[in-house]
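K.L.:
Submitted below is the structure of interest, expressed as structure tokens.
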Amino acid sequence: ELEQALLDHRADLAVHSMKDLTTEFPPSLELSVITERGDPNDALVSNKFSKLNELPNGAVIGTSSLRRKSQLAHFFPNLMIKSLRGNLDTRLRKLDDGEYDAIILAVAGLKRLGLKERIAQVIPHSVMLPAIAQGAIGIETRFGDQDTLQWIQHLKHLMTERELRCERTVLSGLSGNCHVPISGFCFEKRGELHLEARIGDPDGTELLVAQQTGLLEEPEKLGKEVTSQLIKQGAAKILEEFRS
């Protein structure tokens with residue numbers, strides 16, 4: 001609907017959460033600006049427990065994300081993972097009504113809505129790697145629309161753009177989307193890009209992990225190298241389950 005509004009000239013720009021954005025665009029539209037990334041992490045939200053490892057056997061934890069479910073099931077097979085849907089307020093209300101012992105939400109979303117105090121734990125990457133491009137905002141415009149571009153160019157953030165180009169190369173290389181349990185996070189450190197990516201079974205029985213370091217100027221190359229590692233480990237077999 002947003003893209004159709006752009007094509008119909010009913011809108012001049014569309015603002016997206018980058019983690020929900022496909023890697024392909026209609027020929028007449030483009031991703032013009034990626035803004036500075038917010039917090040990319042996932043949060044444990046609970047009224048009873050302050051850390052994941054405090055949840056007892058059989059505790060009910062809510063998430064609608066296959067990526068989160070896959071990693072939770074892999075590292076915490078003792079928990080009962082229950083589907084959780086709805087907007088942020090709905091999900092928090094279900095937690096407060098006692099339907100869940102804890103739920104998993106994006107840190108950036110909670111912070112942007114002024115709900116930082118609901119975060120019990122920022123989950124470490126060793127347990128839960130973020131969704132590709134999580135925490136970043138992208139602006140889509142009509143291709144070559146210089147009148148609109150002049151007003152939004154100052155919002156560009158070069159390092160975030162590089163990091164996301166790297167991560168999204170993994171997503172496109174695995175032909176994935178937000179409905180496949182793929183995770184990835186790239187960050188700059190000491191003048192280099194560091195990338196880790198994962199793909200797993202929804203039930204957590206298998207979790208493939210690949211990581212590598214590359215040049216700042218070659219984010220796509222680093223993404224392709226990490227994708228190749230995952231494919232060699234058997235990523236295609238996991239992806240096949242979602243195509244059948």
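Ordered as shown in the structure tokens, chains take letters A, B, and onward, while each chain numbers its residues from 1 and ligands are numbered from 1 in the order shown.
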Please identify which residues in region 3-214 of chain A DSSP calls alpha helix (DSSP H) from the backbone, and express them as a PDB file with N, CA and C atoms, in the first residue's frame.

P.N.:
```pdb
ATOM      1  N   GLU A   3       3.959   1.549  -1.141  1.00  0.00           N
ATOM      2  CA  GLU A   3       4.619   1.689  -2.432  1.00  0.00           C
ATOM      3  C   GLU A   3       3.636   2.137  -3.511  1.00  0.00           C
ATOM      4  N   GLN A   4       2.411   1.654  -3.447  1.00  0.00           N
ATOM      5  CA  GLN A   4       1.406   2.083  -4.424  1.00  0.00           C
ATOM      6  C   GLN A   4       1.116   3.572  -4.271  1.00  0.00           C
ATOM      7  N   ALA A   5       1.118   4.063  -3.039  1.00  0.00           N
ATOM      8  CA  ALA A   5       0.916   5.495  -2.798  1.00  0.00           C
ATOM      9  C   ALA A   5       2.041   6.316  -3.415  1.00  0.00           C
ATOM     10  N   LEU A   6       3.268   5.793  -3.345  1.00  0.00           N
ATOM     11  CA  LEU A   6       4.395   6.472  -3.991  1.00  0.00           C
ATOM     12  C   LEU A   6       4.218   6.485  -5.505  1.00  0.00           C
ATOM     13  N   LEU A   7       3.861   5.333  -6.053  1.00  0.00           N
ATOM     14  CA  LEU A   7       3.715   5.212  -7.509  1.00  0.00           C
ATOM     15  C   LEU A   7       2.584   6.090  -8.030  1.00  0.00           C
ATOM     16  N   LEU A  66       9.725 -16.378  14.251  1.00  0.00           N
ATOM     17  CA  LEU A  66      10.399 -17.670  14.096  1.00  0.00           C
ATOM     18  C   LEU A  66      11.875 -17.566  14.452  1.00  0.00           C
ATOM     19  N   ARG A  67      12.483 -16.421  14.153  1.00  0.00           N
ATOM     20  CA  ARG A  67      13.898 -16.221  14.510  1.00  0.00           C
ATOM     21  C   ARG A  67      14.088 -16.311  16.019  1.00  0.00           C
ATOM     22  N   ARG A  68      13.251 -15.609  16.754  1.00  0.00           N
ATOM     23  CA  ARG A  68      13.359 -15.648  18.215  1.00  0.00           C
ATOM     24  C   ARG A  68      13.029 -17.038  18.749  1.00  0.00           C
ATOM     25  N   LYS A  69      11.994 -17.638  18.194  1.00  0.00           N
ATOM     26  CA  LYS A  69      11.584 -18.972  18.631  1.00  0.00           C
ATOM     27  C   LYS A  69      12.707 -19.980  18.427  1.00  0.00           C
ATOM     28  N   SER A  70      13.349 -19.933  17.269  1.00  0.00           N
ATOM     29  CA  SER A  70      14.428 -20.864  16.945  1.00  0.00           C
ATOM     30  C   SER A  70      15.579 -20.767  17.941  1.00  0.00           C
ATOM     31  N   GLN A  71      15.995 -19.542  18.241  1.00  0.00           N
ATOM     32  CA  GLN A  71      17.131 -19.362  19.146  1.00  0.00           C
ATOM     33  C   GLN A  71      16.752 -19.656  20.593  1.00  0.00           C
ATOM     34  N   LEU A  72      15.544 -19.259  20.987  1.00  0.00           N
ATOM     35  CA  LEU A  72      15.078 -19.586  22.343  1.00  0.00           C
ATOM     36  C   LEU A  72      15.015 -21.091  22.559  1.00  0.00           C
ATOM     37  N   ALA A  73      14.424 -21.792  21.587  1.00  0.00           N
ATOM     38  CA  ALA A  73      14.276 -23.242  21.718  1.00  0.00           C
ATOM     39  C   ALA A  73      15.629 -23.940  21.740  1.00  0.00           C
ATOM     40  N   HIS A  74      16.598 -23.371  21.028  1.00  0.00           N
ATOM     41  CA  HIS A  74      17.932 -23.981  20.986  1.00  0.00           C
ATOM     42  C   HIS A  74      18.649 -23.847  22.332  1.00  0.00           C
ATOM     43  N   PHE A  75      18.594 -22.645  22.899  1.00  0.00           N
ATOM     44  CA  PHE A  75      19.352 -22.378  24.124  1.00  0.00           C
ATOM     45  C   PHE A  75      18.556 -22.634  25.408  1.00  0.00           C
ATOM     46  N   LEU A  88       2.090  -3.587  19.971  1.00  0.00           N
ATOM     47  CA  LEU A  88       2.873  -3.596  21.211  1.00  0.00           C
ATOM     48  C   LEU A  88       1.991  -3.518  22.452  1.00  0.00           C
ATOM     49  N   ASP A  89       0.993  -2.646  22.429  1.00  0.00           N
ATOM     50  CA  ASP A  89       0.105  -2.515  23.591  1.00  0.00           C
ATOM     51  C   ASP A  89      -0.640  -3.818  23.872  1.00  0.00           C
ATOM     52  N   THR A  90      -1.095  -4.480  22.802  1.00  0.00           N
ATOM     53  CA  THR A  90      -1.814  -5.744  22.954  1.00  0.00           C
ATOM     54  C   THR A  90      -0.914  -6.807  23.566  1.00  0.00           C
ATOM     55  N   ARG A  91       0.318  -6.876  23.105  1.00  0.00           N
ATOM     56  CA  ARG A  91       1.252  -7.880  23.618  1.00  0.00           C
ATOM     57  C   ARG A  91       1.571  -7.638  25.097  1.00  0.00           C
ATOM     58  N   LEU A  92       1.767  -6.384  25.456  1.00  0.00           N
ATOM     59  CA  LEU A  92       2.055  -6.068  26.858  1.00  0.00           C
ATOM     60  C   LEU A  92       0.843  -6.356  27.743  1.00  0.00           C
ATOM     61  N   ARG A  93      -0.343  -6.094  27.222  1.00  0.00           N
ATOM     62  CA  ARG A  93      -1.548  -6.367  28.006  1.00  0.00           C
ATOM     63  C   ARG A  93      -1.717  -7.859  28.276  1.00  0.00           C
ATOM     64  N   LYS A  94      -1.411  -8.670  27.260  1.00  0.00           N
ATOM     65  CA  LYS A  94      -1.498 -10.121  27.450  1.00  0.00           C
ATOM     66  C   LYS A  94      -0.502 -10.598  28.502  1.00  0.00           C
ATOM     67  N   LEU A  95       0.679  -9.991  28.529  1.00  0.00           N
ATOM     68  CA  LEU A  95       1.663 -10.310  29.572  1.00  0.00           C
ATOM     69  C   LEU A  95       1.119  -9.902  30.939  1.00  0.00           C
ATOM     70  N   ASP A  96       0.600  -8.685  31.038  1.00  0.00           N
ATOM     71  CA  ASP A  96       0.108  -8.165  32.313  1.00  0.00           C
ATOM     72  C   ASP A  96      -1.116  -8.929  32.812  1.00  0.00           C
ATOM     73  N   VAL A 107      14.075  -4.006  21.491  1.00  0.00           N
ATOM     74  CA  VAL A 107      14.456  -2.901  22.375  1.00  0.00           C
ATOM     75  C   VAL A 107      14.119  -1.560  21.730  1.00  0.00           C
ATOM     76  N   ALA A 108      14.424  -1.406  20.437  1.00  0.00           N
ATOM     77  CA  ALA A 108      14.219  -0.121  19.759  1.00  0.00           C
ATOM     78  C   ALA A 108      12.756   0.310  19.807  1.00  0.00           C
ATOM     79  N   GLY A 109      11.834  -0.634  19.594  1.00  0.00           N
ATOM     80  CA  GLY A 109      10.417  -0.302  19.621  1.00  0.00           C
ATOM     81  C   GLY A 109       9.967   0.171  20.990  1.00  0.00           C
ATOM     82  N   LEU A 110      10.442  -0.499  22.028  1.00  0.00           N
ATOM     83  CA  LEU A 110      10.087  -0.106  23.392  1.00  0.00           C
ATOM     84  C   LEU A 110      10.638   1.278  23.721  1.00  0.00           C
ATOM     85  N   LYS A 111      11.883   1.530  23.322  1.00  0.00           N
ATOM     86  CA  LYS A 111      12.484   2.839  23.610  1.00  0.00           C
ATOM     87  C   LYS A 111      11.778   3.947  22.847  1.00  0.00           C
ATOM     88  N   ARG A 112      11.444   3.695  21.585  1.00  0.00           N
ATOM     89  CA  ARG A 112      10.813   4.741  20.779  1.00  0.00           C
ATOM     90  C   ARG A 112       9.430   5.104  21.295  1.00  0.00           C
ATOM     91  N   GLN A 146      14.522  14.144  -7.097  1.00  0.00           N
ATOM     92  CA  GLN A 146      15.484  15.042  -6.461  1.00  0.00           C
ATOM     93  C   GLN A 146      14.819  16.047  -5.524  1.00  0.00           C
ATOM     94  N   ASP A 147      13.594  16.451  -5.830  1.00  0.00           N
ATOM     95  CA  ASP A 147      12.904  17.415  -4.967  1.00  0.00           C
ATOM     96  C   ASP A 147      12.722  16.862  -3.553  1.00  0.00           C
ATOM     97  N   THR A 148      12.357  15.562  -3.468  1.00  0.00           N
ATOM     98  CA  THR A 148      12.199  14.943  -2.153  1.00  0.00           C
ATOM     99  C   THR A 148      13.555  14.634  -1.525  1.00  0.00           C
ATOM    100  N   LEU A 149      14.480  14.156  -2.346  1.00  0.00           N
ATOM    101  CA  LEU A 149      15.795  13.756  -1.828  1.00  0.00           C
ATOM    102  C   LEU A 149      16.516  14.907  -1.130  1.00  0.00           C
ATOM    103  N   GLN A 150      16.366  16.105  -1.648  1.00  0.00           N
ATOM    104  CA  GLN A 150      17.102  17.235  -1.057  1.00  0.00           C
ATOM    105  C   GLN A 150      16.679  17.500   0.391  1.00  0.00           C
ATOM    106  N   TRP A 151      15.457  17.079   0.734  1.00  0.00           N
ATOM    107  CA  TRP A 151      14.966  17.326   2.092  1.00  0.00           C
ATOM    108  C   TRP A 151      15.361  16.230   3.079  1.00  0.00           C
ATOM    109  N   ILE A 152      15.776  15.075   2.584  1.00  0.00           N
ATOM    110  CA  ILE A 152      16.053  13.953   3.494  1.00  0.00           C
ATOM    111  C   ILE A 152      17.503  13.462   3.465  1.00  0.00           C
ATOM    112  N   LEU A 158      26.098   6.893   7.053  1.00  0.00           N
ATOM    113  CA  LEU A 158      26.941   6.060   6.202  1.00  0.00           C
ATOM    114  C   LEU A 158      27.289   4.730   6.836  1.00  0.00           C
ATOM    115  N   MET A 159      27.665   4.724   8.123  1.00  0.00           N
ATOM    116  CA  MET A 159      28.091   3.469   8.746  1.00  0.00           C
ATOM    117  C   MET A 159      26.916   2.503   8.881  1.00  0.00           C
ATOM    118  N   THR A 160      25.758   3.008   9.276  1.00  0.00           N
ATOM    119  CA  THR A 160      24.587   2.145   9.346  1.00  0.00           C
ATOM    120  C   THR A 160      24.272   1.568   7.971  1.00  0.00           C
ATOM    121  N   GLU A 161      24.389   2.396   6.938  1.00  0.00           N
ATOM    122  CA  GLU A 161      24.123   1.938   5.575  1.00  0.00           C
ATOM    123  C   GLU A 161      25.069   0.801   5.192  1.00  0.00           C
ATOM    124  N   ARG A 162      26.343   0.941   5.516  1.00  0.00           N
ATOM    125  CA  ARG A 162      27.318  -0.121   5.219  1.00  0.00           C
ATOM    126  C   ARG A 162      26.978  -1.406   5.961  1.00  0.00           C
ATOM    127  N   GLU A 163      26.682  -1.261   7.241  1.00  0.00           N
ATOM    128  CA  GLU A 163      26.377  -2.444   8.049  1.00  0.00           C
ATOM    129  C   GLU A 163      25.135  -3.171   7.522  1.00  0.00           C
ATOM    130  N   LEU A 164      24.134  -2.404   7.133  1.00  0.00           N
ATOM    131  CA  LEU A 164      22.904  -3.026   6.633  1.00  0.00           C
ATOM    132  C   LEU A 164      23.070  -3.615   5.239  1.00  0.00           C
ATOM    133  N   ARG A 165      23.906  -2.996   4.416  1.00  0.00           N
ATOM    134  CA  ARG A 165      24.203  -3.588   3.105  1.00  0.00           C
ATOM    135  C   ARG A 165      24.831  -4.959   3.293  1.00  0.00           C
ATOM    136  N   CYS A 166      25.678  -5.082   4.301  1.00  0.00           N
ATOM    137  CA  CYS A 166      26.320  -6.352   4.615  1.00  0.00           C
ATOM    138  C   CYS A 166      25.291  -7.379   5.082  1.00  0.00           C
ATOM    139  N   GLU A 167      24.465  -6.994   6.042  1.00  0.00           N
ATOM    140  CA  GLU A 167      23.465  -7.911   6.595  1.00  0.00           C
ATOM    141  C   GLU A 167      22.437  -8.322   5.542  1.00  0.00           C
ATOM    142  N   ARG A 168      21.968  -7.352   4.753  1.00  0.00           N
ATOM    143  CA  ARG A 168      20.921  -7.640   3.774  1.00  0.00           C
ATOM    144  C   ARG A 168      21.437  -8.484   2.608  1.00  0.00           C
ATOM    145  N   THR A 169      22.761  -8.497   2.414  1.00  0.00           N
ATOM    146  CA  THR A 169      23.351  -9.404   1.430  1.00  0.00           C
ATOM    147  C   THR A 169      23.146 -10.850   1.860  1.00  0.00           C
ATOM    148  N   VAL A 170      23.222 -11.100   3.158  1.00  0.00           N
ATOM    149  CA  VAL A 170      22.948 -12.449   3.679  1.00  0.00           C
ATOM    150  C   VAL A 170      21.495 -12.815   3.424  1.00  0.00           C
ATOM    151  N   LEU A 171      20.604 -11.883   3.693  1.00  0.00           N
ATOM    152  CA  LEU A 171      19.174 -12.141   3.514  1.00  0.00           C
ATOM    153  C   LEU A 171      18.856 -12.468   2.053  1.00  0.00           C
ATOM    154  N   SER A 172      19.380 -11.666   1.136  1.00  0.00           N
ATOM    155  CA  SER A 172      19.110 -11.910  -0.282  1.00  0.00           C
ATOM    156  C   SER A 172      19.812 -13.171  -0.757  1.00  0.00           C
ATOM    157  N   GLY A 173      21.011 -13.440  -0.228  1.00  0.00           N
ATOM    158  CA  GLY A 173      21.758 -14.631  -0.637  1.00  0.00           C
ATOM    159  C   GLY A 173      21.088 -15.920  -0.217  1.00  0.00           C
TER     160      GLY A 173
END
```

K.L.:
Which residues, written as a ChimeraX atom specification, have at least one atom at most 7 Å from region 19-32 of chain A, with only C-alpha atoms counted and residues fewer than 5 positions away on the same chain left out?

P.N.:
/A:131-134,138-143,168,172,177-178

K.L.:
Save out the residues we just selected, all heavy atoms, as a compact mmCIF listing (two decimals), in the first residue's frame.

P.N.:
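In the end it all went to again.txt:
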```txt
# COMPACT_ATOMS: atom_id res chain seq x y z
N ALA A 131 17.35 -9.65 14.37
CA ALA A 131 16.91 -9.77 12.98
C ALA A 131 17.79 -8.89 12.11
O ALA A 131 18.32 -7.87 12.57
CB ALA A 131 15.45 -9.33 12.84
N ILE A 132 17.98 -9.30 10.88
CA ILE A 132 18.76 -8.48 9.95
C ILE A 132 18.13 -7.10 9.83
O ILE A 132 16.93 -6.97 9.62
CB ILE A 132 18.86 -9.20 8.59
CG1 ILE A 132 19.89 -10.34 8.72
CG2 ILE A 132 19.22 -8.23 7.47
CD1 ILE A 132 19.97 -11.26 7.54
N ALA A 133 18.96 -6.07 10.02
CA ALA A 133 18.57 -4.66 9.92
C ALA A 133 17.68 -4.19 11.06
O ALA A 133 17.11 -3.10 11.00
CB ALA A 133 17.89 -4.37 8.58
N GLN A 134 17.58 -4.96 12.13
CA GLN A 134 16.74 -4.56 13.27
C GLN A 134 17.24 -3.26 13.89
O GLN A 134 18.43 -3.05 14.06
CB GLN A 134 16.72 -5.67 14.32
CG GLN A 134 15.78 -5.41 15.50
CD GLN A 134 15.46 -6.66 16.27
OE1 GLN A 134 15.03 -7.65 15.70
NE2 GLN A 134 15.65 -6.65 17.57
N GLY A 138 14.38 3.04 7.27
CA GLY A 138 14.71 3.35 5.88
C GLY A 138 13.63 4.22 5.25
O GLY A 138 12.46 4.12 5.60
N ILE A 139 14.04 5.07 4.29
CA ILE A 139 13.10 5.93 3.58
C ILE A 139 13.13 5.59 2.10
O ILE A 139 14.19 5.63 1.46
CB ILE A 139 13.42 7.42 3.80
CG1 ILE A 139 13.44 7.75 5.31
CG2 ILE A 139 12.41 8.29 3.07
CD1 ILE A 139 13.85 9.17 5.62
N GLU A 140 11.98 5.24 1.57
CA GLU A 140 11.83 4.86 0.17
C GLU A 140 11.19 6.02 -0.60
O GLU A 140 10.25 6.65 -0.12
CB GLU A 140 10.95 3.61 0.08
CG GLU A 140 10.80 3.02 -1.30
CD GLU A 140 9.91 1.79 -1.31
OE1 GLU A 140 9.17 1.59 -0.30
OE2 GLU A 140 9.93 1.04 -2.29
N THR A 141 11.72 6.28 -1.81
CA THR A 141 11.17 7.35 -2.64
C THR A 141 11.06 6.86 -4.09
O THR A 141 11.55 5.78 -4.43
CB THR A 141 12.07 8.60 -2.62
OG1 THR A 141 13.34 8.28 -3.21
CG2 THR A 141 12.29 9.11 -1.20
N ARG A 142 10.46 7.68 -4.93
CA ARG A 142 10.49 7.40 -6.36
C ARG A 142 11.90 7.61 -6.88
O ARG A 142 12.61 8.52 -6.44
CB ARG A 142 9.50 8.32 -7.10
CG ARG A 142 8.04 7.97 -6.87
CD ARG A 142 7.11 8.87 -7.67
NE ARG A 142 7.18 10.26 -7.21
CZ ARG A 142 6.48 10.73 -6.17
NH1 ARG A 142 5.66 9.93 -5.50
NH2 ARG A 142 6.60 11.99 -5.81
N PHE A 143 12.31 6.77 -7.80
CA PHE A 143 13.67 6.83 -8.33
C PHE A 143 13.93 8.19 -8.98
O PHE A 143 13.17 8.65 -9.83
CB PHE A 143 13.88 5.72 -9.36
CG PHE A 143 15.30 5.57 -9.81
CD1 PHE A 143 16.22 4.86 -9.06
CD2 PHE A 143 15.73 6.17 -10.99
CE1 PHE A 143 17.53 4.74 -9.46
CE2 PHE A 143 17.05 6.05 -11.41
CZ PHE A 143 17.94 5.33 -10.63
N ARG A 168 21.97 -7.35 4.75
CA ARG A 168 20.92 -7.64 3.77
C ARG A 168 21.44 -8.48 2.61
O ARG A 168 20.66 -9.14 1.93
CB ARG A 168 20.29 -6.33 3.29
CG ARG A 168 19.32 -5.76 4.33
CD ARG A 168 18.94 -4.31 4.06
NE ARG A 168 18.25 -4.11 2.80
CZ ARG A 168 16.96 -4.33 2.60
NH1 ARG A 168 16.20 -4.79 3.59
NH2 ARG A 168 16.40 -4.09 1.43
N SER A 172 19.38 -11.67 1.14
CA SER A 172 19.11 -11.91 -0.28
C SER A 172 19.81 -13.17 -0.76
O SER A 172 19.27 -13.93 -1.57
CB SER A 172 19.54 -10.70 -1.13
OG SER A 172 20.92 -10.44 -0.99
N ASN A 177 13.30 -13.91 4.20
CA ASN A 177 12.44 -12.77 4.53
C ASN A 177 12.20 -12.81 6.04
O ASN A 177 12.80 -13.62 6.76
CB ASN A 177 11.12 -12.82 3.75
CG ASN A 177 10.40 -14.16 3.92
OD1 ASN A 177 10.22 -14.63 5.04
ND2 ASN A 177 9.99 -14.77 2.81
N CYS A 178 11.30 -11.95 6.51
CA CYS A 178 11.08 -11.87 7.96
C CYS A 178 10.31 -13.08 8.50
O CYS A 178 10.08 -13.18 9.70
CB CYS A 178 10.33 -10.58 8.31
SG CYS A 178 8.72 -10.42 7.53
```

K.L.:
Compare A:Met18, A:Leu79, A:Ala235, A:Ala197 by their minimum atom-to-atom distance to Leu52 (chain A), counting only C-alpha atoms, and give me the closest one.

P.N.:
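Of A:Met18, A:Leu79, A:Ala235, A:Ala197, the one nearest Leu52 (chain A) is A:Leu79, counting only C-alpha atoms.
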
K.L.:
Compile the contact shell of Asp101 (chain A) as a ChimeraX atom specification: residues with an atom at most 10 Å away, counting only C-alpha atoms, same-chain residues fewer than 6 positions apart removed.

P.N.:
/A:45-49,55-56,58-62,80,94-95

K.L.:
Could you save those same residues with N, CA and C atoms as a short mmCIF file (atom, residue, chain, number, x, y, z; two decimals), in the first residue's frame?

P.N.:
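That gives us selection26.cif:
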```
data_model
loop_
_atom_site.label_atom_id
_atom_site.label_comp_id
_atom_site.auth_asym_id
_atom_site.auth_seq_id
_atom_site.Cartn_x
_atom_site.Cartn_y
_atom_site.Cartn_z
N VAL A 45 10.84 -9.06 28.44
CA VAL A 45 9.90 -8.24 29.20
C VAL A 45 9.11 -9.18 30.10
N SER A 46 9.19 -8.94 31.40
CA SER A 46 8.54 -9.82 32.36
C SER A 46 8.24 -9.07 33.65
N ASN A 47 7.14 -9.43 34.27
CA ASN A 47 6.79 -8.86 35.57
C ASN A 47 7.28 -9.73 36.73
N LYS A 48 7.86 -10.88 36.38
CA LYS A 48 8.26 -11.84 37.41
C LYS A 48 9.76 -12.11 37.42
N PHE A 49 10.40 -12.03 36.26
CA PHE A 49 11.79 -12.47 36.16
C PHE A 49 12.64 -11.38 35.49
N LEU A 55 13.98 -18.05 34.35
CA LEU A 55 12.68 -18.66 34.07
C LEU A 55 12.73 -20.15 34.40
N PRO A 56 11.78 -20.65 35.16
CA PRO A 56 11.78 -22.06 35.56
C PRO A 56 11.33 -22.97 34.42
N GLY A 58 9.20 -25.05 32.05
CA GLY A 58 7.80 -24.95 31.68
C GLY A 58 7.24 -23.55 31.68
N ALA A 59 8.08 -22.54 31.99
CA ALA A 59 7.59 -21.16 31.96
C ALA A 59 7.14 -20.81 30.54
N VAL A 60 6.07 -20.02 30.44
CA VAL A 60 5.50 -19.67 29.13
C VAL A 60 6.09 -18.34 28.66
N ILE A 61 6.72 -18.37 27.51
CA ILE A 61 7.34 -17.17 26.95
C ILE A 61 6.74 -16.91 25.57
N GLY A 62 6.38 -15.67 25.31
CA GLY A 62 5.65 -15.34 24.09
C GLY A 62 6.48 -14.63 23.04
N MET A 80 8.40 -23.12 27.52
CA MET A 80 7.26 -23.34 26.63
C MET A 80 7.04 -22.06 25.82
N LYS A 94 -1.41 -8.67 27.26
CA LYS A 94 -1.50 -10.12 27.45
C LYS A 94 -0.50 -10.60 28.50
N LEU A 95 0.68 -9.99 28.53
CA LEU A 95 1.66 -10.31 29.57
C LEU A 95 1.12 -9.90 30.94
#
```

K.L.:
How would you write, as a short mmCIF file (atom, residue, chain, number, x, y, z; two decimals) with N, CA, C and O atoms, in the first residue's frame, the set of residues in region 120-191 of chain A that DSSP gives as strand (DSSP E or B)?

P.N.:
```
data_model
loop_
_atom_site.label_atom_id
_atom_site.label_comp_id
_atom_site.auth_asym_id
_atom_site.auth_seq_id
_atom_site.Cartn_x
_atom_site.Cartn_y
_atom_site.Cartn_z
N GLN A 121 15.56 -7.40 30.67
CA GLN A 121 16.91 -7.78 30.25
C GLN A 121 17.09 -7.50 28.77
O GLN A 121 16.22 -7.83 27.96
N VAL A 122 18.20 -6.88 28.43
CA VAL A 122 18.61 -6.81 27.03
C VAL A 122 19.34 -8.13 26.75
O VAL A 122 20.37 -8.42 27.34
N ILE A 137 15.82 2.50 10.43
CA ILE A 137 14.71 3.04 9.68
C ILE A 137 15.19 3.39 8.27
O ILE A 137 16.27 3.95 8.09
N GLY A 138 14.38 3.04 7.27
CA GLY A 138 14.71 3.35 5.88
C GLY A 138 13.63 4.22 5.25
O GLY A 138 12.46 4.12 5.60
N ILE A 139 14.04 5.07 4.29
CA ILE A 139 13.10 5.93 3.58
C ILE A 139 13.13 5.59 2.10
O ILE A 139 14.19 5.63 1.46
N GLU A 140 11.98 5.24 1.57
CA GLU A 140 11.83 4.86 0.17
C GLU A 140 11.19 6.02 -0.60
O GLU A 140 10.25 6.65 -0.12
N THR A 141 11.72 6.28 -1.81
CA THR A 141 11.17 7.35 -2.64
C THR A 141 11.06 6.86 -4.09
O THR A 141 11.55 5.78 -4.43
N ARG A 142 10.46 7.68 -4.93
CA ARG A 142 10.49 7.40 -6.36
C ARG A 142 11.90 7.61 -6.88
O ARG A 142 12.61 8.52 -6.44
N ILE A 182 16.22 -16.42 10.09
CA ILE A 182 17.57 -15.93 9.77
C ILE A 182 17.84 -14.73 10.66
O ILE A 182 17.00 -13.86 10.81
N SER A 183 19.02 -14.68 11.24
CA SER A 183 19.43 -13.51 12.02
C SER A 183 20.81 -13.07 11.55
O SER A 183 21.58 -13.87 11.01
N GLY A 184 21.11 -11.80 11.75
CA GLY A 184 22.43 -11.31 11.35
C GLY A 184 22.72 -9.95 11.94
O GLY A 184 21.81 -9.13 12.08
N PHE A 185 23.96 -9.74 12.29
CA PHE A 185 24.34 -8.44 12.86
C PHE A 185 25.75 -8.09 12.43
O PHE A 185 26.68 -8.88 12.61
N CYS A 186 25.89 -6.90 11.84
CA CYS A 186 27.19 -6.39 11.41
C CYS A 186 27.49 -5.12 12.18
O CYS A 186 26.60 -4.29 12.39
N PHE A 187 28.73 -4.96 12.61
CA PHE A 187 29.13 -3.74 13.31
C PHE A 187 30.58 -3.40 12.96
O PHE A 187 31.37 -4.28 12.59
N GLU A 188 30.87 -2.11 13.08
CA GLU A 188 32.23 -1.64 12.80
C GLU A 188 33.04 -1.61 14.08
O GLU A 188 32.56 -1.20 15.14
N LYS A 189 34.28 -2.08 14.00
CA LYS A 189 35.19 -2.02 15.14
C LYS A 189 36.62 -1.90 14.61
O LYS A 189 37.05 -2.72 13.78
#
```

K.L.:
Within 6 Å of Gly200 (chain A), counting only C-alpha atoms, which residues show up once you throw out same-chain ones fewer than 6 positions away? Write them as a VMD selection string, please.

P.N.:
chain A and resid 70 181 206 to 208

K.L.:
Which one is closest to Pro77 (chain A): A:Asp203, A:Val180, A:Phe242, A:Ser50? Count only C-alpha atoms.

P.N.:
A:Asp203

K.L.:
Measuring atom to atom with only C-alpha atoms, identify which of A:Glu240, A:Ser65, A:Leu195, A:Pro40 is nearest to Lys221 (chain A).

P.N.:
A:Leu195

K.L.:
Measuring between only C-alpha atoms, which one of A:Asp8, A:Glu1, A:Asp201, A:Glu54 shows the shortest distance to Leu239 (chain A)?

P.N.:
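Looking only at the distances to Leu239 (chain A), the closest residue turns out to be A:Asp201.
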